[in-house]
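See structure below.
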Amino acid sequence: MAKILRIILVIVLFIIFFEIGLFSSYTIVTAEVPDVQGLVDMQVTKITGFFNPQSVNDVLIKDPTYINITNQKDVALQMENLSNVDGVNVESMNTSTFDDMDKGKFNVTIEALGYAAPNSTSGQIVISQNPSYKVITSGVAFYRNGELVVDTDTMKIDSVLKLY
């Protein structure tokens, strides 16, 4: 029993010295009287955030599920329009999701290689087979008549990366 009381006493003293150090450092840094209630609330919020189930799910890294969509050409045209590239390679398109596909609608990430306009140098047009951009978009997918399609109206550009 005495051992448990010593452990509890050490923990309480640790917390007291920690709080005193926090308040004194706050006073030194800001040259103001510390807001005790605000500092305690901030600490409680941070500590309870560690044990929040949503935070635990965010920490766990899941592999994306790669899916096949049926309206690849429509998605490629929308990617082309939104990203202002001159072409999107449908064969390089990857569609993936972290969401549960059993729901009605779920978020997807679409990656594809994009091409720039042909370069003209000294009167010649040089058409390059090499992609110039990597276009990453996100949107909402759903099942329509048993086929998995991406709603092109929900698509937005996440990034357009220049390839060198």
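Each chain in the structure tokens gets a letter, A, B, ..., in the order shown, and its residues are numbered from 1; ligands are numbered from 1 in order too.
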
Excluding A:Asp158 and residues on its chain fewer than 4 positions from it, collect all residues at most 10 Å away from it, counting only C-alpha atoms, and give them as a count of residues only.
9

Quick one: DSSP strand (DSSP E) residues in stretch 9-154 of chain A, as an MDAnalysis selection string?
chainID A and resid 65:67 87:88 94:97 105:115 119:121 124:126 133:144 147:154

Report the residues of chain A whose backbone DSSP state falls under alpha helix (DSSP H), written as an MDAnalysis selection string.
chainID A and resid 2:30 36:50 53:59 72:83

List the neighbours of A:Leu22 out to 10 Å using only C-alpha atoms; skip same-chain residues closer than 5 positions along the sequence, and give me the result as a ChimeraX atom specification.
/A:16-17,27-28,34,36,39

Any idea what the distance is between atom CA of A:Phe142 and atom CA of A:Leu82?
20.9 Å
